[in-house]
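Only one structure is covered here, and it is reproduced in the block below.
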Amino acid sequence: METISERKEIKEKLSTHWNFEKYFVPQKAGDYYYFQKNDGLQNQPVFYRAKSLSDPSPEVVIDPNKLNPDGTTAITHISFNKEGTLLAYALSVNGSDWQDIKIRNMKTGVEFPETISRCKFSSLAWIKNGTGFYYSRYPDFGSVDPVDESNYNKLYFHVLGTPQTEDKLIYENPGDKEIAFGAILSDDYKYLVLQSWKGTENKSQLYYRPIESEGDFNPLAVAVDAYYSFIGNKDNTFYIYTNKDAANGKIVAIDINQPNEENWRDVIPEQEGVMSFIKLINDQLAITYLQDVKDHIKLYSLFGSVIRKLDLPDVITVTNISTNKEQKEMFISYTSFLSPTIVARYDFETGSLETVLSPNGALDSSVYETKQVFYPSTDGTEIPMFITHKKDLQFKGDHPVLLYGYGGFNISMTTAYSASIAMFIEDGGIYAVANIRGGGEYGEDWHQAGTFERKQQVFDDFIAAAEWLISNDYTNPSKLAIMGGSNGGLLVSACMNQRPDLFIVVICQVPVTDMLRYQHFTVGRFWTSEFGNAEKNAEHFKTIYAYSPLHNIKKGQRYPSTLITTGDTDDRVVPLHSKKYAATLQEAQAGEAPILLRIEKDAGHGLGKPTVKLIEEHTDIYTFLYKGLNMFSKK
């Protein structure tokens with residue numbers, strides 16, 4: 001890579017594009033507003049507090065950049081007690097999904113002596129008096145077989161100031177080692193709500209019991225037939241989100257005195273858009289809807305009538321919402337392909353919506369544009385795709401195009417700002433994102449349409465996007481690159497195997513490629529609800545073997561220039577997927593295009609990766625991309 005003289009220029013441009021203030025959604029706790037902010041090129045965002053968001057000199061609460069000289073320690077979760085006087089926060093090191101929880105007194109700034117370990121994606125639920133919280137964790141290292149270190153999740157209660165060894169076991173299910181748990185306190189702190197789920201399966205169960213009880217949990221939604229999550233309560237009425245008989249989601253009210261399903265009341269039935277963020281505040285439900293892959297927010301009464309639609313920009317992604325029920329305010333963070341994250345505040349008492357945090361760094365909307373098109377896939381289904389580029393481009397089929405996709409796990413590929421993509425677009429590139437099946441863009445039905453024996457349709461959707469871009473004179477195969485990460489790495493590697501003639505460059509990031517054996521490593525077994533299990537089901541084997549990237553490389557084939565990336569401490573998609581795929585592809589390559597494997601040291605699947613590593617990684621990726629697309633020759 002260093003022999004490419006333009007690499008230095010790419011790094012300098014990337015560093016310039018990356019150097020803007022990055023804000024995260026604030027939250028009010030006690031007398032302070034708390035928020036994370038990266039001044040520009042800091043490795044990790046700093047956690048601040050201030051009594052006003054307009055304060056030009058907020059107080060630093062935690063600077064993770066000082067916790068680790070390499071910048072690889074990240075704050076991954078934050079939870080305050082009711083009064084905002086106590087903070088529990090989680091730290092991840094080297095991109096690991098494993099997290100340690102620490103506790104701080106926000107009045108004195110003194111840390112409690114204990115550290116809560118063996119946590120992964122754990123929620124924290126403080127009790128009303130702030131003497132402790134509920135959380136979930138996995139067994140200690142060495143206490144179970146290594147293959148079960150991410151099994152046997154249990155719910156505990158931690159009393160502040162005591163060692164973790166004294167934490168009280170609240171709930172476990174030893175009969176099913178793959179189930180995980182999360183705890184939520186009701187809005188009035190009278191009930192403990194228990195949610196359970198298995199892996200990445202889009203199903204869950206809900207139980208509850210009075211907070212003072214130590215008896216059995218009462219069933220609330222336990223049929224294991226859909227996804228259920230607790231939103232909030234008003235007295236004995238619990239408001240629940242579910243996709244049962246509603247692929248796009250709906251809100252139901254359950255009276256815990258009459259909890260049987262026949263007594264459930266639909267508050268907000270399924271709409272055309274897909275529900276995502278849902279908040280209960282000021283006797284109103286604030287709901288984010290994804291409609292044709294664009295977010296908007298509506299406010300409803302608890303009886304289901306629409307109060308108003310918030311006046312937000314059109315083509316955006318809502319990235320987070322935080323509420324303060326005492327202040328009756330809501331913070332909304334949103335982004336687009338042209339703009340970094342902006343934070344707005346909505347006042348429930350006055351009905352006003354105002355921007356409170358807005359960074360520099362956005363692309364000029366008078367020069368650049370994002371448009372949405374719909375193209376037909378192989379079965380005639382219309383697939384949406386976003387395309388972003390300079391407004392004055394003339395379409396003669398010769399532009400460099402980067403096509404991105406994911407297509408799995410009910411995850412939607414919505415609009416989002418990227419410093420790297422901004423650079424690519426400024427340099428004349430066209431960035432396209434195909435909203436293929438397998439994602440959540442149109443609800444659970446759209447997701448299921450790309451799972452199990454239907455997985456090939458995901459690849460067909462993506463290949464159809466590439467063909468549409470070519471047939472509509474955006475580009476041609478010698479100027480078309482594809483990129484995807486994780487499940488998206490599976491996507492682009494499978495598509496390259498099936499149509500190596502269609503692409504000139506492939507960027508395959510932290511991919512899943514060995515589809516016959518993925519279930520044996522780290523949390524891979526949880527993905528069998530998405531892909532199937534080739535070892536336990538003959539039909540699954542037949543389907544999976546037909547597309548598994550590792551097993552469909554053809555010796556003697558001329559493959560595109562391919563860059564495969566991974567992290568040496570990735571504990572979600574282990575590096576062996578990238579290594580085996582790269583080695584097999586290198587051996588089979590008959591052409592002269594390079595097949596490279598890039599392994600980042602002390603990095604995981606992407607969680608908490610420091611800015612210095614991101615810039616180095618993206619410098620290599622975009623140097624490789626520009627070289628393969630022949631973008632340097634234009635200078």
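We name chains A, B, ... following the order of the structure tokens; residues begin at 1 in each chain, and ligands are numbered from 1 as shown.
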
Inset, instruction - Show which residues sit within 12 Å of Glu616 in chain A, as a PyMOL selection string. Count only C-alpha atoms, and ignore same-chain residues fewer than 6 positions away. - result: chain A and resi 1-2+7-8+10-15+18+420+598-601+609-610+622-623

Legend entry - Shell of 8 Å around range 397-411 of chain A, only C-alpha atoms, local chain residues under 4 positions omitted, as a ChimeraX atom specification: /A:200,428-441,443-444,446-447,450-451,458,462,466,470,472-476,479-485,487-489,491-492,530,629,631

Export of prior selection with N, CA and C atoms as a compact mmCIF listing (two decimals), in the first residue's frame:
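Written out: out.txt:
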```
# COMPACT_ATOMS: atom_id res chain seq x y z
N THR A 200 -29.82 -13.70 18.03
CA THR A 200 -30.30 -12.62 17.17
C THR A 200 -31.71 -12.87 16.66
N GLY A 428 -15.61 13.05 -7.05
CA GLY A 428 -16.33 12.67 -8.26
C GLY A 428 -16.97 11.31 -8.22
N GLY A 429 -16.88 10.63 -7.10
CA GLY A 429 -17.50 9.32 -6.99
C GLY A 429 -19.00 9.39 -6.75
N ILE A 430 -19.67 8.30 -7.02
CA ILE A 430 -21.10 8.15 -6.75
C ILE A 430 -21.26 7.06 -5.70
N TYR A 431 -22.00 7.37 -4.64
CA TYR A 431 -22.20 6.42 -3.55
C TYR A 431 -23.64 5.94 -3.58
N ALA A 432 -23.81 4.63 -3.65
CA ALA A 432 -25.15 4.04 -3.71
C ALA A 432 -25.33 3.04 -2.58
N VAL A 433 -26.50 3.05 -1.95
CA VAL A 433 -26.84 2.10 -0.89
C VAL A 433 -28.13 1.39 -1.29
N ALA A 434 -28.05 0.08 -1.47
CA ALA A 434 -29.21 -0.72 -1.88
C ALA A 434 -29.88 -1.29 -0.63
N ASN A 435 -31.18 -1.06 -0.51
CA ASN A 435 -31.95 -1.53 0.66
C ASN A 435 -32.57 -2.89 0.38
N ILE A 436 -31.70 -3.87 0.24
CA ILE A 436 -32.08 -5.21 -0.18
C ILE A 436 -32.79 -5.98 0.92
N ARG A 437 -33.43 -7.07 0.53
CA ARG A 437 -34.16 -7.88 1.50
C ARG A 437 -33.22 -8.55 2.50
N GLY A 438 -33.77 -8.94 3.63
CA GLY A 438 -32.97 -9.42 4.75
C GLY A 438 -32.84 -8.36 5.82
N GLY A 439 -32.91 -7.09 5.41
CA GLY A 439 -32.89 -5.98 6.35
C GLY A 439 -34.26 -5.71 6.93
N GLY A 440 -34.38 -4.60 7.66
CA GLY A 440 -35.65 -4.27 8.30
C GLY A 440 -36.35 -3.09 7.69
N GLU A 441 -35.96 -2.70 6.46
CA GLU A 441 -36.49 -1.48 5.85
C GLU A 441 -38.01 -1.49 5.70
N GLY A 443 -39.97 -3.85 7.55
CA GLY A 443 -40.50 -4.68 8.62
C GLY A 443 -40.04 -6.12 8.58
N GLU A 444 -40.68 -6.93 9.43
CA GLU A 444 -40.25 -8.31 9.60
C GLU A 444 -40.44 -9.15 8.34
N TRP A 446 -39.96 -8.16 5.28
CA TRP A 446 -38.79 -7.85 4.44
C TRP A 446 -37.56 -8.60 4.95
N HIS A 447 -37.44 -8.68 6.27
CA HIS A 447 -36.34 -9.42 6.88
C HIS A 447 -36.42 -10.91 6.53
N GLY A 450 -35.30 -12.61 3.29
CA GLY A 450 -33.89 -12.82 2.97
C GLY A 450 -33.20 -13.77 3.93
N THR A 451 -33.95 -14.68 4.54
CA THR A 451 -33.36 -15.63 5.49
C THR A 451 -33.50 -17.07 4.98
N VAL A 458 -31.26 -12.25 -1.45
CA VAL A 458 -30.49 -11.08 -1.00
C VAL A 458 -29.39 -10.76 -2.01
N PHE A 462 -28.91 -7.47 -4.69
CA PHE A 462 -27.71 -6.64 -4.74
C PHE A 462 -27.12 -6.62 -6.15
N ALA A 466 -26.53 -3.43 -8.97
CA ALA A 466 -25.35 -3.16 -9.80
C ALA A 466 -25.73 -3.08 -11.27
N ILE A 470 -25.57 0.18 -14.01
CA ILE A 470 -24.88 0.09 -15.30
C ILE A 470 -25.84 0.42 -16.44
N ASN A 472 -28.45 2.17 -16.41
CA ASN A 472 -28.92 3.56 -16.39
C ASN A 472 -27.77 4.57 -16.50
N ASP A 473 -26.62 4.09 -17.01
CA ASP A 473 -25.50 4.95 -17.41
C ASP A 473 -24.84 5.69 -16.26
N TYR A 474 -24.93 5.13 -15.07
CA TYR A 474 -24.15 5.70 -13.98
C TYR A 474 -22.69 5.23 -14.08
N THR A 475 -22.51 3.99 -14.49
CA THR A 475 -21.17 3.40 -14.45
C THR A 475 -21.09 2.22 -15.39
N ASN A 476 -19.99 1.47 -15.33
CA ASN A 476 -19.82 0.23 -16.06
C ASN A 476 -18.98 -0.71 -15.19
N LYS A 479 -15.75 0.33 -13.57
CA LYS A 479 -15.76 1.48 -12.64
C LYS A 479 -16.68 1.23 -11.44
N LEU A 480 -17.04 -0.02 -11.22
CA LEU A 480 -18.01 -0.34 -10.17
C LEU A 480 -17.35 -1.13 -9.04
N ALA A 481 -17.44 -0.58 -7.82
CA ALA A 481 -16.91 -1.25 -6.63
C ALA A 481 -18.06 -1.56 -5.68
N ILE A 482 -17.89 -2.61 -4.88
CA ILE A 482 -18.89 -2.96 -3.87
C ILE A 482 -18.21 -3.07 -2.51
N MET A 483 -19.00 -2.76 -1.46
CA MET A 483 -18.46 -2.78 -0.10
C MET A 483 -19.54 -3.28 0.85
N GLY A 484 -19.10 -4.05 1.86
CA GLY A 484 -20.01 -4.50 2.91
C GLY A 484 -19.22 -5.06 4.06
N GLY A 485 -19.81 -5.00 5.26
CA GLY A 485 -19.13 -5.49 6.46
C GLY A 485 -19.97 -6.44 7.27
N ASN A 487 -22.20 -9.25 8.09
CA ASN A 487 -23.12 -9.92 7.17
C ASN A 487 -23.03 -9.30 5.78
N GLY A 488 -22.70 -8.01 5.73
CA GLY A 488 -22.46 -7.36 4.43
C GLY A 488 -21.19 -7.85 3.77
N GLY A 489 -20.22 -8.35 4.58
CA GLY A 489 -19.04 -8.99 4.01
C GLY A 489 -19.39 -10.31 3.36
N LEU A 491 -22.29 -10.78 2.05
CA LEU A 491 -23.00 -10.35 0.85
C LEU A 491 -22.05 -10.10 -0.32
N VAL A 492 -21.04 -9.24 -0.10
CA VAL A 492 -20.19 -8.86 -1.24
C VAL A 492 -19.30 -10.00 -1.68
N GLU A 530 -30.96 -17.11 11.45
CA GLU A 530 -30.91 -16.29 10.24
C GLU A 530 -30.53 -17.12 9.03
N LEU A 629 -10.33 1.77 -9.06
CA LEU A 629 -11.29 2.50 -9.89
C LEU A 629 -10.60 3.49 -10.84
N MET A 631 -9.08 6.22 -10.16
CA MET A 631 -9.44 7.61 -9.83
C MET A 631 -8.22 8.52 -9.70
```

Legend entry - Neighbour list for Ile553 in chain A as a ChimeraX atom specification, cut-off 9 Å, only C-alpha atoms, skip fewer than 6 positions in-chain: /A:497,581,584-585,588

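Residues surrounding Lys177 in chain A within 7 Å are Asn151, Tyr152 and Asn173 of chain A [only C-alpha atoms; sequence separation below 4 positions excluded].
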
Inset, instruction - Go through range 74-169 of chain A and collect every residue that DSSP, computed from the backbone, puts in helix (DSSP H, G or I); the answer should be as JSON, numbers by chain. - result: {"A": [146, 147, 148, 164, 165, 166]}

Inset, instruction - Looking only at strand (DSSP E) from DSSP on the backbone, list the matching residues of range 279-528 of chain A as a ChimeraX atom specification. - result: /A:279-281,284-291,294-301,306-309,317-324,329-335,342-347,353-357,368-376,382-390,401-404,430-434,480-485,505-509

Inset, instruction - Within 8 Å of Leu155 in chain A, counting only C-alpha atoms, which residues show up once you throw out same-chain ones fewer than 2 positions away? Write them as number ranges by chain, please. - result: A: 134-137, 153, 157, 169-172, 181-183

Please write the residues from the selection above to a file, keeping N, CA and C atoms, as a PDB file, in the first residue's frame.
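Output below, filename out-v7.pdb:
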```pdb
ATOM      1  N   TYR A 134     -30.028  -3.786  38.713  1.00  0.00           N
ATOM      2  CA  TYR A 134     -30.100  -5.101  38.085  1.00  0.00           C
ATOM      3  C   TYR A 134     -29.253  -5.078  36.814  1.00  0.00           C
ATOM      4  N   TYR A 135     -28.627  -6.199  36.529  1.00  0.00           N
ATOM      5  CA  TYR A 135     -27.832  -6.320  35.309  1.00  0.00           C
ATOM      6  C   TYR A 135     -27.696  -7.804  34.984  1.00  0.00           C
ATOM      7  N   SER A 136     -27.248  -8.121  33.788  1.00  0.00           N
ATOM      8  CA  SER A 136     -27.035  -9.523  33.408  1.00  0.00           C
ATOM      9  C   SER A 136     -25.567  -9.746  33.078  1.00  0.00           C
ATOM     10  N   ARG A 137     -25.100 -10.956  33.307  1.00  0.00           N
ATOM     11  CA  ARG A 137     -23.716 -11.281  32.981  1.00  0.00           C
ATOM     12  C   ARG A 137     -23.594 -12.773  32.674  1.00  0.00           C
ATOM     13  N   ASN A 153     -26.380 -17.017  30.484  1.00  0.00           N
ATOM     14  CA  ASN A 153     -26.582 -15.665  30.970  1.00  0.00           C
ATOM     15  C   ASN A 153     -27.510 -15.680  32.185  1.00  0.00           C
ATOM     16  N   PHE A 157     -28.594  -8.793  40.931  1.00  0.00           N
ATOM     17  CA  PHE A 157     -28.752  -7.479  41.551  1.00  0.00           C
ATOM     18  C   PHE A 157     -27.462  -7.145  42.281  1.00  0.00           C
ATOM     19  N   LEU A 169     -28.321 -13.485  42.784  1.00  0.00           N
ATOM     20  CA  LEU A 169     -28.913 -14.060  41.580  1.00  0.00           C
ATOM     21  C   LEU A 169     -30.426 -13.841  41.605  1.00  0.00           C
ATOM     22  N   ILE A 170     -30.929 -13.218  40.539  1.00  0.00           N
ATOM     23  CA  ILE A 170     -32.359 -12.920  40.453  1.00  0.00           C
ATOM     24  C   ILE A 170     -33.082 -13.921  39.566  1.00  0.00           C
ATOM     25  N   TYR A 171     -32.446 -14.283  38.430  1.00  0.00           N
ATOM     26  CA  TYR A 171     -33.137 -15.197  37.513  1.00  0.00           C
ATOM     27  C   TYR A 171     -32.126 -15.884  36.607  1.00  0.00           C
ATOM     28  N   GLU A 172     -32.410 -17.137  36.301  1.00  0.00           N
ATOM     29  CA  GLU A 172     -31.635 -17.911  35.335  1.00  0.00           C
ATOM     30  C   GLU A 172     -32.535 -18.966  34.719  1.00  0.00           C
ATOM     31  N   PHE A 181     -30.880 -12.292  29.207  1.00  0.00           N
ATOM     32  CA  PHE A 181     -31.885 -11.544  29.967  1.00  0.00           C
ATOM     33  C   PHE A 181     -31.537 -10.065  30.053  1.00  0.00           C
ATOM     34  N   GLY A 182     -32.589  -9.266  30.182  1.00  0.00           N
ATOM     35  CA  GLY A 182     -32.447  -7.846  30.440  1.00  0.00           C
ATOM     36  C   GLY A 182     -33.513  -7.404  31.418  1.00  0.00           C
ATOM     37  N   ALA A 183     -33.194  -6.415  32.251  1.00  0.00           N
ATOM     38  CA  ALA A 183     -34.125  -5.930  33.266  1.00  0.00           C
ATOM     39  C   ALA A 183     -34.463  -4.467  33.018  1.00  0.00           C
TER      40      ALA A 183
END
```

Inset, instruction - Quick one: pull the distance between CA of Lys28 in chain A and CA of Met275 in chain A, Å, one decimal. - result: 24.7 Å

Name the residues in contact with Gln36 in chain A at a cut-off of 12 Å, using only C-alpha atoms, excluding same-chain residues fewer than 5 positions from it; report them as a PDB file with C-alpha atoms, in the first residue's frame.
```pdb
ATOM      1  CA  GLU A  21     -17.143  18.118  16.050  1.00  0.00           C
ATOM      2  CA  LYS A  22     -19.199  14.983  16.571  1.00  0.00           C
ATOM      3  CA  TYR A  23     -22.120  15.134  18.998  1.00  0.00           C
ATOM      4  CA  PHE A  24     -24.103  12.355  20.638  1.00  0.00           C
ATOM      5  CA  VAL A  25     -27.629  12.697  21.999  1.00  0.00           C
ATOM      6  CA  PRO A  26     -27.682  14.378  25.451  1.00  0.00           C
ATOM      7  CA  GLN A  27     -29.597  13.208  28.507  1.00  0.00           C
ATOM      8  CA  GLN A  42      -9.782  12.548  19.356  1.00  0.00           C
ATOM      9  CA  GLN A  44     -12.664   8.474  21.651  1.00  0.00           C
ATOM     10  CA  PRO A  45     -15.487  10.916  22.419  1.00  0.00           C
ATOM     11  CA  VAL A  46     -15.257  12.610  25.811  1.00  0.00           C
ATOM     12  CA  PHE A  47     -18.136  12.420  28.297  1.00  0.00           C
ATOM     13  CA  TYR A  48     -19.162  15.912  29.481  1.00  0.00           C
ATOM     14  CA  ARG A  49     -21.760  17.565  31.669  1.00  0.00           C
ATOM     15  CA  ALA A  50     -23.132  21.082  31.893  1.00  0.00           C
ATOM     16  CA  LEU A  53     -26.173  22.876  26.544  1.00  0.00           C
ATOM     17  CA  PRO A  58     -18.662  21.926  29.874  1.00  0.00           C
ATOM     18  CA  GLU A  59     -17.114  19.851  32.637  1.00  0.00           C
ATOM     19  CA  VAL A  60     -15.242  16.700  31.653  1.00  0.00           C
ATOM     20  CA  VAL A  61     -16.729  13.686  33.462  1.00  0.00           C
ATOM     21  CA  ILE A  62     -14.764  10.857  31.810  1.00  0.00           C
ATOM     22  CA  ASP A  63     -12.101  11.157  29.155  1.00  0.00           C
ATOM     23  CA  PRO A  64     -11.489   7.616  27.857  1.00  0.00           C
ATOM     24  CA  ALA A  74     -14.365   3.094  24.764  1.00  0.00           C
ATOM     25  CA  ILE A  75     -17.410   4.025  26.833  1.00  0.00           C
ATOM     26  CA  THR A  76     -20.161   1.719  25.598  1.00  0.00           C
ATOM     27  CA  HIS A  77     -23.040   2.208  28.049  1.00  0.00           C
ATOM     28  CA  ILE A  78     -24.174   4.899  30.490  1.00  0.00           C
ATOM     29  CA  VAL A 343     -29.260  17.193  17.862  1.00  0.00           C
ATOM     30  CA  LEU A 357     -26.125  20.919  18.720  1.00  0.00           C
TER      31      LEU A 357
END
```

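The two atoms in question, CA of Thr414 in chain A and CA of Ile504 in chain A, are spaced 25.2 Å apart.
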
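Residue nearest Met413 in chain A, chosen from A:Ile179, A:Leu86, A:Ile316, A:Leu596 and counting only C-alpha atoms: A:Ile316.
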
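Put simply, CA of Asn202 in chain A is 11.2 Å away from CA of Phe526 in chain A.
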
Inset, instruction - Tell me which protein, DNA and RNA residues are within 9 Å of Gln271 in chain A, counting only C-alpha atoms, leaving out same-chain ones fewer than 5 positions away, and put them as a count of residues only. - result: 5

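Of the residues listed (A:Pro511, A:Lys294, A:Glu349, A:Leu516), A:Glu349 shows the shortest atom-to-atom separation from Glu326 in chain A; distances use only C-alpha atoms.
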